[in-house]
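Below you'll find the structure, written out as structure tokens, and then a few comments.
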Amino acid sequence: MRPHYLKALFAPKSVAMFGASETTDSVGQVVFKNLLEGGFSGDIYAINPKRKEVQGQKAYPDLDSIGEDIDLAIVATPAPTVPGIVEQCGAHGIKSMIILSAGFREVGETGRALEEKVRDAARSHGIRFLGPNCLGLIRPSIGLNATFGNNKAAEGTIALVSQSGALCTSILDWAENRDVGFSAVVSTGIAADLDFGDVLDYLASDPKTESIILYIEGLNQSRRFMSGLRAAARIKPVIAIKAGRHSEGAAASMSHTGALVGGDEAFSAALARSGVVRVETISQVFAAAGTLSSKYKSSGDRIAIVTNAGGPAVLAADHTPEVGLNLAEIGEETIKALDDALPATWSKRNPVDIIGDAPPERYREAIDICLRDPEVDGVLVILTPQAMTRPLEVAEAVVEAADKNRKPIITSWMGGRQVDPARAVFRQARIPTFNTPEAAIDAFHYLAAYRNNQRLLLQVPGRLPIDHEEPNIEAARLIIESALNEKREVLTEPESIALLEAFHIPTVRNGIARTPEEALVLAVSMGFPVAMKIYSEDISHKSDVGGVKLNIRNAADVRGNYRELIERVQQKRPDADLQGVTVEQMHRTTNGREVMVGVINDPVFGPVISFGAGGTWVEVLQDAAVALPPLNDRLARNLIRRTKISKSLDEFRNMPAANTNALVDVLLRVSNMACELPWIQEMDINPLILDERGAMAVDARIVVGIPKPSTDAYAHMAIHPYPSDLETSFQLPDGRDVAIRPIRPEDAEIEQEFIRNLSDEAKYFRFMHAIHELTPEMLVRFTQIDYDREMALIAVTEEDGSEVQHGVVRYVTNPDQNSAEFALVISDEFQGHGIGQRMMKRLMEIARARGLDLMEGEVLTANHRMLDLVRSMDFQVQRNPSNPGVDYVWKQL
């Protein structure tokens, strides 16, 4: 309802530039020149106390001498002057700044201290700023070019947000010759204040932006980044390129931005979980940008290829599985139709080779026939210029076919001068076109990846599935705290196994023996065979020092193996304090597969769950996939499928299929550990033995540490799990129990039924227009929420063993992070029972606890019951002169 807090940055009406200059090729000269020549219709002021005039414009010594309101200040002066300039802007009520100056954290401690002064000054005046050390910002729709680049950006629908200014200029240069336009180009620099999350907040609701490209080197606030990213990706496609994929690149990224650089696998998992498509090279960014600027947004992964040459089609077919796509298996009806339309010498399969002399009509018919096949999700059309081909006319025929079909058509007109006019036709029609078949296949991959990652985005699981037994978190906490009190970070194996047992993960029986006789008693009580492992707080990897004996099958061997283990390890690790051995029952199975489940605390994204091949070859095989918690059944199965070891879990020769459900259950419980135990820094369950009967943890290693203090139990996580601690209940006068709890993704069905059963008046009062039921998109948006940014509470009763919803109240945090907009609706049957007031009070308690200070909303003037309710709760009510019939209501929390 209120203007976005970045409106003055992206849509200023007046701009003042500190450091405007006439010194050739200086930052101040280039930026001010770009401001003047960009076509900006607002006022532009040059601030330079040493000059009367700059580039033909009057120069002012300071803001006082301008005497006008300024929306945006741009700074291109030496770093030591910037804190004073921020103070000057704050005194004049300026709320947005772009700080281009370098010389802050990227140069060391002196620069970091200076940066802190800038941040403190800005915070004290409520100023939000871009930079420092950034290229600036371009907003083509208003003619604002506040950068020191030599490129101009054409107006379009793609927003580019980059930590690298040089990358911005490269993409702009590329775009100029390809008719690709931008809604915004933003260089964040070192992001001392405004970061990706803030910019994404604005772009998510920006009507001029249809898709977003991100270049990421490092992050300052992962939760804010994930929150903004997921919000934007729900609404429009986002493509990201992440630098620092390997250790050398990560070191360069760190020195460039000063931001934390997380593990590359964790970054990929975070982007996919956010509904984002990741690319790895600049050339792929260009391919993605071309695809995003087309009329196609998503598709399946089954591709048909129509070509007039066999060689390029083979290259495309080879590349298809490399990017996770499939060549479509065209049906018999399609083959018959192609037989009727094409020469007898056509290829009779996919790729569909329509022969080198193919005229435009043959291309059009082949494309139409392929697109009608339900097994085809899109068509790649290839043309090589031959003596008898007509590239331009064929392109026009392809455009005609595209106009009649919704499935994607992507083209590769190979060559140069002969096919340039045809490529221009494709660009005009917003049909992606590429110079090589491989690049065109990449474009199909981006469309398919976008669709798949959107499905991951819709998964918002709780910390623990509803049907799972609650873990003994208190016992686990005490085990960890005891170790930390003893100044130990690595838990012993018995402690690690006990931690798993507290979360109901199946483990082998084990015990500690400090003498050979104790080892014998334990082995006999467990039953043979047993394993014996050295027990020492100083030794983490027992196999490395010969500290493991397996398959001990009788009592006579136990005491001898005890002594042999102690002597062998003493020789290899004389410094270690050997406290005995651990005796474990061997897990008996003839069909077991050894896998590993782990947790690592990533410096950016917090806990990350890994799954892959296990046993002693784990480092050699390097077969693992990672995912961010919390997990649910679908996410856990997706994690399993992304590994090579997953193929061995199926039935194979004489081995029955492994119990995948048991593996999923372990992954969900490990996810619960990651949610509830912020102390965990590393955890390996290796091996976890999986067979047709279930899963068994045979060995575990856990490293713990002291987490950062926080009032939020899940502050250590990048994605907030379902907040079960907010659940409450009460009883109606008639004895019915009512639960008020946060909405869950699983509530889609009862939410839809609740809306269907509302009266027409209640629906109109809630949505301010006629509605029968929620669309699938609305249903997802209302039930798959980001608990870090918003909250929705539902009131439910249990009837005939199922939950029935009777009310819902929600707030969504405004971009200023200080206020929230609310909405409330109660079923007609339950109105008058005080449920609405109870739910509003609970919602405001949650908002207040999360640091919000204002609750606001819009209520139809005719909705007397709602207005009476908010007045009874001390809300202020004000008529909205710009929107008659709607009242604005608000309350300070």
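Quick note on naming: the chains in the structure tokens go A, B, ... in the order shown, residues restart at 1 in each chain, and ligands are numbered from 1 in order of appearance.
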Near Ile367 of chain A, within 8 Å and counting only C-alpha atoms, which residues show up once chain neighbours fewer than 4 positions away are dropped, as a ChimeraX atom specification?
/A:306,363,371,379,381,398,401
What does the file look like for those residues with N, CA, C and O atoms, as a compact mmCIF listing (two decimals), in the first residue's frame?
```
# COMPACT_ATOMS: atom_id res chain seq x y z
N VAL A 306 14.29 -31.05 -35.81
CA VAL A 306 13.99 -31.00 -37.24
C VAL A 306 15.16 -30.31 -37.93
O VAL A 306 15.54 -29.19 -37.55
N TYR A 363 9.59 -27.62 -43.95
CA TYR A 363 9.93 -27.29 -42.57
C TYR A 363 8.66 -27.08 -41.74
O TYR A 363 8.51 -27.63 -40.64
N LEU A 371 5.11 -31.10 -33.18
CA LEU A 371 4.52 -30.42 -32.03
C LEU A 371 3.18 -31.00 -31.63
O LEU A 371 2.75 -30.88 -30.48
N VAL A 379 10.58 -28.27 -29.93
CA VAL A 379 11.26 -28.63 -31.18
C VAL A 379 12.47 -27.70 -31.39
O VAL A 379 12.33 -26.47 -31.30
N VAL A 381 14.85 -26.50 -34.29
CA VAL A 381 14.88 -26.44 -35.75
C VAL A 381 16.28 -25.99 -36.18
O VAL A 381 16.74 -24.91 -35.76
N VAL A 398 8.88 -20.86 -40.00
CA VAL A 398 9.01 -21.26 -38.59
C VAL A 398 8.21 -20.31 -37.70
O VAL A 398 7.53 -20.74 -36.75
N ALA A 401 4.64 -21.25 -37.83
CA ALA A 401 4.38 -22.44 -37.01
C ALA A 401 4.37 -22.09 -35.53
O ALA A 401 3.54 -22.59 -34.75
```
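Counting only C-alpha atoms, the residue from A:Gly560, A:Gly189, A:Pro742, A:Pro678 that sits nearest to Tyr811 of chain A is A:Pro742.
Around Val618 of chain A, within 10 Å and counting only C-alpha atoms, the residues found are Glu594, Val595, Met596, Gly612, Ala624, Asn686 and Pro687 of chain A, once anything fewer than 6 positions away on its own chain is removed.
The residue that comes closest to Cys134 of chain A, out of A:Asp339, A:Gln57, A:Ile85, A:Val185 and on the basis of only C-alpha atoms, is A:Val185.
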May I have the residues within 9 Å of Val889 of chain A as an MDAnalysis selection string, using only C-alpha atoms and disregarding those fewer than 6 positions away in the same chain?
chainID A and resid 855:859 867 870:871 875:879
Since we have the selection now, will you write its residues out, keeping N, CA and C atoms, as a PDB file, in the first residue's frame?
```
ATOM      1  N   MET A 855       1.088  -2.885  12.084  1.00  0.00           N
ATOM      2  CA  MET A 855       0.218  -3.800  11.359  1.00  0.00           C
ATOM      3  C   MET A 855      -0.798  -2.951  10.617  1.00  0.00           C
ATOM      4  N   GLU A 856      -0.944  -3.187   9.303  1.00  0.00           N
ATOM      5  CA  GLU A 856      -1.839  -2.367   8.500  1.00  0.00           C
ATOM      6  C   GLU A 856      -2.620  -3.236   7.532  1.00  0.00           C
ATOM      7  N   GLY A 857      -3.717  -2.677   7.033  1.00  0.00           N
ATOM      8  CA  GLY A 857      -4.522  -3.418   6.076  1.00  0.00           C
ATOM      9  C   GLY A 857      -5.542  -2.523   5.406  1.00  0.00           C
ATOM     10  N   GLU A 858      -6.227  -3.077   4.424  1.00  0.00           N
ATOM     11  CA  GLU A 858      -7.323  -2.396   3.747  1.00  0.00           C
ATOM     12  C   GLU A 858      -8.598  -3.190   3.974  1.00  0.00           C
ATOM     13  N   VAL A 859      -9.674  -2.480   4.323  1.00  0.00           N
ATOM     14  CA  VAL A 859     -10.964  -3.111   4.606  1.00  0.00           C
ATOM     15  C   VAL A 859     -12.039  -2.377   3.817  1.00  0.00           C
ATOM     16  N   LEU A 867     -14.555  -3.898  10.451  1.00  0.00           N
ATOM     17  CA  LEU A 867     -14.200  -2.585  10.986  1.00  0.00           C
ATOM     18  C   LEU A 867     -14.486  -2.517  12.485  1.00  0.00           C
ATOM     19  N   VAL A 870     -11.564  -4.474  14.264  1.00  0.00           N
ATOM     20  CA  VAL A 870     -10.272  -3.796  14.371  1.00  0.00           C
ATOM     21  C   VAL A 870     -10.370  -2.584  15.297  1.00  0.00           C
ATOM     22  N   ARG A 871     -11.536  -1.914  15.295  1.00  0.00           N
ATOM     23  CA  ARG A 871     -11.693  -0.782  16.236  1.00  0.00           C
ATOM     24  C   ARG A 871     -11.647  -1.282  17.680  1.00  0.00           C
ATOM     25  N   PHE A 875      -7.258  -0.414  16.554  1.00  0.00           N
ATOM     26  CA  PHE A 875      -6.740   0.007  15.255  1.00  0.00           C
ATOM     27  C   PHE A 875      -7.288   1.384  14.909  1.00  0.00           C
ATOM     28  N   GLN A 876      -6.488   2.155  14.200  1.00  0.00           N
ATOM     29  CA  GLN A 876      -6.944   3.416  13.631  1.00  0.00           C
ATOM     30  C   GLN A 876      -7.606   3.128  12.276  1.00  0.00           C
ATOM     31  N   VAL A 877      -8.690   3.829  11.983  1.00  0.00           N
ATOM     32  CA  VAL A 877      -9.419   3.629  10.727  1.00  0.00           C
ATOM     33  C   VAL A 877      -9.489   4.964   9.998  1.00  0.00           C
ATOM     34  N   GLN A 878      -9.121   4.934   8.716  1.00  0.00           N
ATOM     35  CA  GLN A 878      -9.093   6.173   7.940  1.00  0.00           C
ATOM     36  C   GLN A 878      -9.628   5.902   6.538  1.00  0.00           C
ATOM     37  N   ARG A 879     -10.500   6.768   6.064  1.00  0.00           N
ATOM     38  CA  ARG A 879     -11.007   6.655   4.706  1.00  0.00           C
ATOM     39  C   ARG A 879      -9.871   6.905   3.711  1.00  0.00           C
TER      40      ARG A 879
END
```
When you look at Ile409 of chain A with a cut-off of 7 Å (counting only C-alpha atoms), what residues show up, excluding the ones that are within fewer than 5 positions of it in the same chain? I need them as a PyMOL selection string.
chain A and resi 378-380+402+431
Run DSSP on the backbone of this structure and report the residues of segment 70-289 of chain A it assigns to alpha helix (DSSP H), as a ChimeraX atom specification.
/A:82-91,109-125,165-176,196-204,222-233,247-257,264-273,282-289
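Every residue of segment 500-567 of chain A found in strand (DSSP E) when DSSP is run on the backbone appears here: Asn510, Gly511, Ile512, Ala513, Val530, Ala531, Met532, Lys533, Ile534, Tyr535, Val548, Lys549, Leu550, Asn551 and Ile552 of chain A.
Between atom CA of Gly606 of chain A and atom CA of Ala269 of chain A the separation is 12.1 Å.
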Env of Ile702 of chain A: 7 Å cut, atoms = only C-alpha atoms, seq-sep filter 2 positions within chain, self excluded. Answer as a ChimeraX atom specification.
/A:490-491,496,682-684,700,704
Keeping N, CA and C atoms for every residue in the selection just given, could you write it to a file as a compact mmCIF listing (two decimals), in the first residue's frame?
```
# COMPACT_ATOMS: atom_id res chain seq x y z
N VAL A 490 34.85 -33.09 18.92
CA VAL A 490 34.52 -34.34 18.25
C VAL A 490 33.89 -35.29 19.27
N LEU A 491 32.66 -35.69 19.02
CA LEU A 491 32.00 -36.63 19.92
C LEU A 491 32.60 -38.02 19.74
N SER A 496 28.03 -40.23 19.58
CA SER A 496 27.42 -39.99 18.27
C SER A 496 26.24 -40.93 18.04
N GLU A 682 29.65 -30.86 11.75
CA GLU A 682 29.83 -31.92 10.78
C GLU A 682 29.21 -33.19 11.34
N MET A 683 28.67 -34.02 10.44
CA MET A 683 28.16 -35.32 10.86
C MET A 683 28.27 -36.29 9.70
N ASP A 684 28.83 -37.48 9.95
CA ASP A 684 28.86 -38.56 8.98
C ASP A 684 28.21 -39.78 9.60
N ALA A 700 29.20 -43.60 13.20
CA ALA A 700 28.85 -42.18 13.10
C ALA A 700 29.96 -41.33 13.69
N VAL A 704 30.95 -30.90 16.85
CA VAL A 704 30.04 -29.87 17.36
C VAL A 704 30.80 -28.58 17.65
```
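With only C-alpha atoms as the atoms that count, the residue of A:Ala8, A:Ile706, A:Val597, A:Met873 with the shortest distance to Ile689 of chain A is A:Val597.
Note that the spacing between atom CA of Ala739 of chain A and atom CA of Asn632 of chain A amounts to 23.2 Å.
All residues of protein, DNA or RNA that reach within 9 Å of Ala476 of chain A, judged by only C-alpha atoms and not counting those fewer than 6 positions away in the chain, are Ala498, Leu499, Leu500, Ala502, Phe503 and Leu677 of chain A.
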Per residue of segment 182-214 of chain A within 10 Å of segment 228-231 of chain A, what are the shortest atom pair and its distance in Å to one decimal, counting only C-alpha atoms, with rows by chain and residue number, as a Markdown table?
```
| residue | atom | partner | partner_atom | distance |
| --- | --- | --- | --- | --- |
| A:Asp195 | CA | A:Gly228 | CA | 9.9 |
| A:Phe196 | CA | A:Gly228 | CA | 7.6 |
| A:Gly197 | CA | A:Gly228 | CA | 4.5 |
| A:Asp198 | CA | A:Gly228 | CA | 6.9 |
| A:Val199 | CA | A:Gly228 | CA | 8.2 |
| A:Leu200 | CA | A:Gly228 | CA | 5.5 |
| A:Asp201 | CA | A:Gly228 | CA | 5.5 |
| A:Tyr202 | CA | A:Gly228 | CA | 9.1 |
| A:Leu203 | CA | A:Gly228 | CA | 9.6 |
| A:Ala204 | CA | A:Ala231 | CA | 6.9 |
| A:Ser205 | CA | A:Ala231 | CA | 9.5 |
```
Print the selection's residues with all heavy atoms to a file, as a tab-separated table (two decimals), in the first residue's frame.
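selection.tsv was written with the following content:
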```
chain	number	residue	atom	x	y	z
A	195	ASP	N	21.68	-5.42	-0.46
A	195	ASP	CA	22.24	-6.65	-0.97
A	195	ASP	C	21.27	-7.26	-1.96
A	195	ASP	O	20.22	-6.69	-2.27
A	195	ASP	CB	22.51	-7.61	0.19
A	195	ASP	CG	23.64	-8.58	-0.10
A	195	ASP	OD1	23.98	-8.77	-1.28
A	195	ASP	OD2	24.19	-9.16	0.86
A	196	PHE	N	21.59	-8.46	-2.43
A	196	PHE	CA	20.71	-9.13	-3.38
A	196	PHE	C	19.28	-9.21	-2.88
A	196	PHE	O	18.33	-8.99	-3.63
A	196	PHE	CB	21.22	-10.56	-3.65
A	196	PHE	CG	22.39	-10.62	-4.57
A	196	PHE	CD1	23.65	-10.93	-4.09
A	196	PHE	CD2	22.24	-10.39	-5.92
A	196	PHE	CE1	24.74	-10.99	-4.94
A	196	PHE	CE2	23.32	-10.46	-6.79
A	196	PHE	CZ	24.58	-10.76	-6.29
A	197	GLY	N	19.11	-9.55	-1.60
A	197	GLY	CA	17.76	-9.72	-1.06
A	197	GLY	C	16.92	-8.47	-1.20
A	197	GLY	O	15.74	-8.53	-1.56
A	198	ASP	N	17.50	-7.30	-0.92
A	198	ASP	CA	16.77	-6.04	-1.01
A	198	ASP	C	16.39	-5.73	-2.46
A	198	ASP	O	15.26	-5.35	-2.74
A	198	ASP	CB	17.62	-4.89	-0.45
A	198	ASP	CG	18.02	-5.11	0.98
A	198	ASP	OD1	17.18	-4.91	1.86
A	198	ASP	OD2	19.18	-5.49	1.22
A	199	VAL	N	17.36	-5.88	-3.36
A	199	VAL	CA	17.09	-5.58	-4.76
A	199	VAL	C	16.04	-6.54	-5.31
A	199	VAL	O	15.14	-6.14	-6.06
A	199	VAL	CB	18.40	-5.65	-5.59
A	199	VAL	CG1	18.12	-5.44	-7.07
A	199	VAL	CG2	19.40	-4.62	-5.08
A	200	LEU	N	16.14	-7.82	-4.95
A	200	LEU	CA	15.15	-8.80	-5.40
A	200	LEU	C	13.76	-8.46	-4.87
A	200	LEU	O	12.76	-8.69	-5.55
A	200	LEU	CB	15.56	-10.20	-4.96
A	200	LEU	CG	16.73	-10.81	-5.74
A	200	LEU	CD1	17.29	-12.01	-5.01
A	200	LEU	CD2	16.29	-11.19	-7.14
A	201	ASP	N	13.68	-7.93	-3.66
A	201	ASP	CA	12.41	-7.48	-3.10
A	201	ASP	C	11.72	-6.50	-4.04
A	201	ASP	O	10.52	-6.59	-4.29
A	201	ASP	CB	12.62	-6.80	-1.75
A	201	ASP	CG	12.18	-7.67	-0.59
A	201	ASP	OD1	11.34	-8.55	-0.80
A	201	ASP	OD2	12.71	-7.47	0.51
A	202	TYR	N	12.48	-5.55	-4.53
A	202	TYR	CA	11.91	-4.54	-5.42
A	202	TYR	C	11.56	-5.15	-6.77
A	202	TYR	O	10.47	-4.94	-7.30
A	202	TYR	CB	12.88	-3.38	-5.61
A	202	TYR	CG	12.30	-2.26	-6.46
A	202	TYR	CD1	11.54	-1.26	-5.88
A	202	TYR	CD2	12.47	-2.25	-7.84
A	202	TYR	CE1	10.98	-0.25	-6.66
A	202	TYR	CE2	11.92	-1.26	-8.63
A	202	TYR	CZ	11.17	-0.26	-8.03
A	202	TYR	OH	10.60	0.72	-8.81
A	203	LEU	N	12.47	-5.92	-7.33
A	203	LEU	CA	12.25	-6.46	-8.67
A	203	LEU	C	11.11	-7.46	-8.72
A	203	LEU	O	10.45	-7.62	-9.75
A	203	LEU	CB	13.54	-7.11	-9.17
A	203	LEU	CG	14.73	-6.17	-9.37
A	203	LEU	CD1	15.97	-6.96	-9.76
A	203	LEU	CD2	14.42	-5.10	-10.42
A	204	ALA	N	10.86	-8.15	-7.59
A	204	ALA	CA	9.77	-9.13	-7.56
A	204	ALA	C	8.43	-8.48	-7.87
A	204	ALA	O	7.57	-9.08	-8.52
A	204	ALA	CB	9.72	-9.82	-6.20
A	205	SER	N	8.24	-7.25	-7.41
A	205	SER	CA	6.97	-6.55	-7.64
A	205	SER	C	7.07	-5.47	-8.70
A	205	SER	O	6.12	-4.72	-8.92
A	205	SER	CB	6.49	-5.94	-6.32
A	205	SER	OG	7.46	-5.05	-5.79
```
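If you measure from each of A:Leu649, A:Leu550, A:Ile534, A:Ala153 to Asp691 of chain A using only C-alpha atoms, the closest one turns out to be A:Leu649.
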Expressed in Å to a single decimal, how great is the separation between atom CA of Gly331 of chain A and atom CA of Arg406 of chain A?
19.7 Å
